[in-house]
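Peer 1: The structure under discussion is supplied below as C-alpha cells; questions concerning it will follow.
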Amino acid sequence: MIEAVGLTKRYGDKTAVYNLSFQVRPGSVTGFLGPNGSGKSTTMRMILGLDNPSAGQVTIGGYPYRRLPNAPRQVGALLDAKAVHGGRHARNHLLCLAQLSGIPARRVDEVLGVVGLQDVAKKRSKGFSLGMGQRLGIAAALLGDPQVLLFDEPVNGLDPEGILWVRNLMKSLAAEGRTVFVSSHLMSEMAVTADHLIVIGRGQLLADMSVRDFISHNSADFARVRTPGTDPAQREKLTAALTEAGGQVLPEQDGGLRVTGLPLPRISDLAHEADVRLWELSPHQASLEEAYMRMTQGAVDYRSTTDQRAGLQQQLPPGAVPPPQMPVPGQGQPGWYAPPSPQHGGQPFAMPQGQPPAGPYGAPGVPGAGVPNPYAQPAQPAPAQPAQPAPAPSPAASAQPSSAAPDLTKPEDAR
Ligand SMILES: Nc1ncnc2c1ncn2[C@@H]1O[C@H](COP(=O)(O)OP(=O)(O)OP(=O)(O)O)[C@@H](O)[C@H]1O
C-alpha cells in the first residue's frame, strides 16, 4: 500500500503539492487524475524518493521508498519513457537495470516479450517511436516483478492495440493483488481501467473515491429532448411544462433540451399533455469525463483562448457558409456546461470528507460556468518553510520491475 500523509512540495514560491493525504490500496487499479500542472508527477516523484517532500510524508508498505529493502524488487515505475540511454539497445538497457537489482538476465527476455519488443530488442532505443519507448518503460517497470507499480501516463503514444494491452495489463496486475497507481488524462480509458480514483487540482485533493461514486456524485444522468426545430414556441411550451413539474431544463446548442429530475415516461406524458410533439426523447448516462470536467473546472491552470489569427483570416468567398462553432467541453465556451450535479442547490462537488483543507490556492471560478467554486478561498500565504533540495534522481526510479498479465495479444510472461 502507498500512503501519503500531509504531503506538500514547494519549489521556491511555487506550491506544487499541498497537504495531500491518501492511500493507494492493493488489489485494485487506482487512477490518479488532475489537470496539467496539478502535481501528479511531483507526487509520484516523492513516492519514489526522487523528490523530498517539503512537509508530510509518503510511504510504501510503511517505509519511505529510500528505506525500502531492495526497493527495485518491490516497486516498479514508469515516470518518463524518454529517460533511457538512447545509444543502448533495448535489451542492454533492461539488462543494466536488472544487474543493478540482482535480477536474472532471463527476466529481461521475459519482459521484452510481455511488452511486444522482442523483435527490436537489439535496436537502439533512440530510434524508437513514442509508443515503443513507452513499451520499453513498461518493461522496465515490470522487471523486478514488484508488488507496487506506478505508471505516469502509460498509454501516451500507444496505438489502440497498445492501449488495450495496457488496460488489460493494469487490471491483471491488480487482480493478482498488486498495488497499481496510474495517472492519465484519458478519461475514457480511466473509466474502463480504474476501480478507484484520486483526483487532485492545484496540488490539493479533490476526490478520493470509487469511479462509480465519483461519477454519481459529480454528474447526473439526463434526458435529451428535441421538439420540431421549425417551431420555437413548442420548445418554450415544453420547457415551461417540464420546469413546472419539477424538472431542470437546460438548452443545448443544437436546439435540444437537457432535462434532469424527471423520468423519461413523465417527460413524454408532460409533452403529450402540453400538446408538444417530440422528435427525440433519449436517456443519457453521465460519463467519467463529464464528472471530471465538472469537478476540475475551477482548478484548471492552462486554458486555451480562441485563435484571433491576428486578423489574417481570409474572407470567405461569396456564398460560402462558415463552419459551425463547436463547443469544447471545459473551455467555457458559450453553450457548454458540465452536467448538473445530483445535489441541486447544495455542494456541487463531492468531497471525500467535509471541506477541502485551507490551502495557498484560491481557484478562480470559470467565467460563465455558473457553478460556485468551493475552492475559491481567499489566498493564504503558505507558512514560511524552506524547501528542501531535491536529491539527484536515482536510476532505480525511472523504470523498474514486474509481472505479466495473461493477455491475448502478447506472449505470456513465463516468470
Ligand atoms: N523541479 C521543479 N521546479 C519548479 N517547479 C516545478 C518543478 N517540477 C514541477 N514544478 C511545478 O509544479 C507544478 C506541478 O507539476 P507536475 O509536473 O507535478 O504536474 P502534473 O500534474 O504532472 O502535470 P501534467 O499533467 O501536465 O504532466 C507545475 O506548476 C510545475 O511547473
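Convention: chains lettered A, B, ... in C-alpha cells order; per-chain residue numbering from 1; ligands numbered from 1 as shown.
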Could you list the protein, DNA and RNA residues that have any atom within 7 Å of ligand 1, counting only C-alpha atoms and all ligand atoms, and write them as a PyMOL selection string?
Peer 2: chain A and resi 11+14-16+34-43
Peer 1: Would you save the residues of that selection, restricted to C-alpha atoms, as a PDB file, in the first residue's frame?
Peer 2:
ATOM      1  CA  TYR A  11       9.613  24.735  -5.427  1.00  0.00           C
ATOM      2  CA  LYS A  14       5.504  27.534  -6.240  1.00  0.00           C
ATOM      3  CA  THR A  15       3.486  25.081  -4.181  1.00  0.00           C
ATOM      4  CA  ALA A  16       3.188  22.056  -6.446  1.00  0.00           C
ATOM      5  CA  GLY A  34      -5.786  16.120 -12.365  1.00  0.00           C
ATOM      6  CA  PRO A  35      -5.361  18.932 -14.866  1.00  0.00           C
ATOM      7  CA  ASN A  36      -1.961  19.792 -16.344  1.00  0.00           C
ATOM      8  CA  GLY A  37       0.379  21.073 -13.669  1.00  0.00           C
ATOM      9  CA  SER A  38      -1.800  19.855 -10.797  1.00  0.00           C
ATOM     10  CA  GLY A  39       1.066  17.966  -9.157  1.00  0.00           C
ATOM     11  CA  LYS A  40       0.636  14.343 -10.258  1.00  0.00           C
ATOM     12  CA  SER A  41       4.218  13.791 -11.421  1.00  0.00           C
ATOM     13  CA  THR A  42       5.575  15.652  -8.402  1.00  0.00           C
ATOM     14  CA  THR A  43       3.570  13.350  -6.133  1.00  0.00           C
TER      15      THR A  43
END
Peer 1: So that I can see what lies close to A:Met132, please list as a list in words the residues with an atom at most 10 Å from it, counting only C-alpha atoms and leaving out residues fewer than 6 positions away in the same chain.
Peer 2: Ala81, Ala90, Val115, Gly116, Leu117, Val120, Ser125, Ile138, Gly157, Leu158, Asp159 and Gly162 of chain A
Peer 1: Using only C-alpha atoms, which residue out of A:Val111, A:Ala121, A:Leu79, A:Leu149 lies closest to A:Gly27?
Peer 2: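 Looking only at the distances to A:Gly27, the closest residue turns out to be A:Leu149.
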Peer 1: Return as an MDAnalysis selection string the full set of residues in stretch 175-305 of chain A whose backbone-based DSSP assignment is strand (DSSP E or B).
Peer 2: chainID A and resid 179:183 196:201 204:210 222:226 248:251 257:260 280:284
Peer 1: Counting only C-alpha atoms, what is within 7 Å of A:Gly201, bar same-chain residues fewer than 2 positions away, as a list in words?
Peer 2: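 Answer for this query is Gly34, Pro35, Ser38, Val199, Gly203, Gln204, Leu205, Leu206, Thr296 and Ala299 of chain A.
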Peer 1: Put those residues in a file: C-alpha atoms, as a PDB file, in the first residue's frame.
Peer 2:
ATOM      1  CA  GLY A  34      -5.786  16.120 -12.365  1.00  0.00           C
ATOM      2  CA  PRO A  35      -5.361  18.932 -14.866  1.00  0.00           C
ATOM      3  CA  SER A  38      -1.800  19.855 -10.797  1.00  0.00           C
ATOM      4  CA  VAL A 199      -8.266  13.451  -8.178  1.00  0.00           C
ATOM      5  CA  GLY A 203      -1.860  20.207  -5.734  1.00  0.00           C
ATOM      6  CA  GLN A 204      -4.817  19.587  -3.429  1.00  0.00           C
ATOM      7  CA  LEU A 205      -7.065  16.597  -3.025  1.00  0.00           C
ATOM      8  CA  LEU A 206     -10.410  16.996  -4.800  1.00  0.00           C
ATOM      9  CA  THR A 296     -11.925  20.203 -12.028  1.00  0.00           C
ATOM     10  CA  ALA A 299      -8.780  24.082 -10.874  1.00  0.00           C
TER      11      ALA A 299
END
Peer 1: Grab the atom CA of A:Arg45 to atom CA of A:Glu153 distance for me, in Å with one decimal place.
Peer 2: 13.6 Å
Peer 1: Tell me, as a VMD selection string, which residues lie within 9 Å of stretch 170-180 of chain A, counting only C-alpha atoms; anything in the same chain fewer than 4 positions away does not count.
Peer 2: chain A and resid 1 to 2 24 to 31 146 to 151 165 to 166 193 to 194 403 to 407
Peer 1: Could you work out how far atom CA of A:Leu48 lies from atom CA of A:Arg66, giving the answer in Å with one decimal?
Peer 2: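 Separating atom CA of A:Arg66 from atom CA of A:Leu48 is a distance of 7.8 Å.
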Peer 1: Of the candidates A:Ser268, A:Thr8, A:Ser129, A:Gln315, which shows the shortest atom-to-atom distance to A:Thr227, using only C-alpha atoms?
Peer 2: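 Among A:Ser268, A:Thr8, A:Ser129, A:Gln315, it is A:Ser268 that comes nearest to A:Thr227.
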Peer 1: For A:Asp275, find every residue with an atom within 12 Å (counting only C-alpha atoms), except residues of its own chain fewer than 2 positions away, and show them as a ChimeraX atom specification.
Peer 2: /A:227,233-235,237-238,241,268-273,277-278
Peer 1: For N, CA and C atoms, I'd like the residues from the last selection saved as a CSV table (one decimal), in the first residue's frame.
Peer 2:
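That gives us again-v1.csv:
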chain,number,residue,atom,x,y,z
A,227,THR,N,-37.8,19.1,-29.8
A,227,THR,CA,-39.1,19.3,-30.5
A,227,THR,C,-38.8,19.7,-31.9
A,233,ALA,N,-41.8,28.0,-30.4
A,233,ALA,CA,-42.8,28.1,-29.4
A,233,ALA,C,-43.1,26.8,-28.7
A,234,GLN,N,-43.0,25.7,-29.5
A,234,GLN,CA,-43.2,24.3,-28.9
A,234,GLN,C,-42.1,24.0,-27.8
A,235,ARG,N,-40.9,24.5,-28.2
A,235,ARG,CA,-39.8,24.2,-27.2
A,235,ARG,C,-40.0,25.0,-25.9
A,237,LYS,N,-42.9,26.0,-24.8
A,237,LYS,CA,-44.1,25.4,-24.1
A,237,LYS,C,-43.6,24.2,-23.3
A,238,LEU,N,-42.8,23.4,-23.9
A,238,LEU,CA,-42.3,22.2,-23.2
A,238,LEU,C,-41.4,22.5,-22.0
A,241,ALA,N,-43.6,23.5,-19.2
A,241,ALA,CA,-44.3,22.3,-18.6
A,241,ALA,C,-43.3,21.5,-17.7
A,268,SER,N,-42.4,12.3,-21.4
A,268,SER,CA,-43.3,12.0,-22.5
A,268,SER,C,-44.7,12.4,-22.2
A,269,ASP,N,-45.2,12.0,-21.0
A,269,ASP,CA,-46.6,12.4,-20.6
A,269,ASP,C,-46.8,13.9,-20.6
A,270,LEU,N,-45.8,14.6,-20.0
A,270,LEU,CA,-46.0,16.1,-19.9
A,270,LEU,C,-46.0,16.7,-21.3
A,271,ALA,N,-45.2,16.2,-22.2
A,271,ALA,CA,-45.2,16.7,-23.6
A,271,ALA,C,-46.5,16.4,-24.2
A,272,HIS,N,-47.1,15.3,-24.0
A,272,HIS,CA,-48.4,14.9,-24.6
A,272,HIS,C,-49.5,15.9,-24.0
A,273,GLU,N,-49.4,16.0,-22.7
A,273,GLU,CA,-50.4,16.9,-22.1
A,273,GLU,C,-50.3,18.4,-22.6
A,277,ARG,N,-45.2,18.0,-29.8
A,277,ARG,CA,-44.6,16.9,-30.5
A,277,ARG,C,-43.1,16.7,-30.1
A,278,LEU,N,-42.7,15.5,-30.0
A,278,LEU,CA,-41.2,15.3,-29.7
A,278,LEU,C,-40.6,14.6,-30.9
Peer 1: Ranking A:Val182, A:Val300, A:Met46, A:Val225 by minimum distance to A:Val276 and counting only C-alpha atoms, which one comes first?
Peer 2: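 For A:Val276, the nearest of the candidates is A:Val225.
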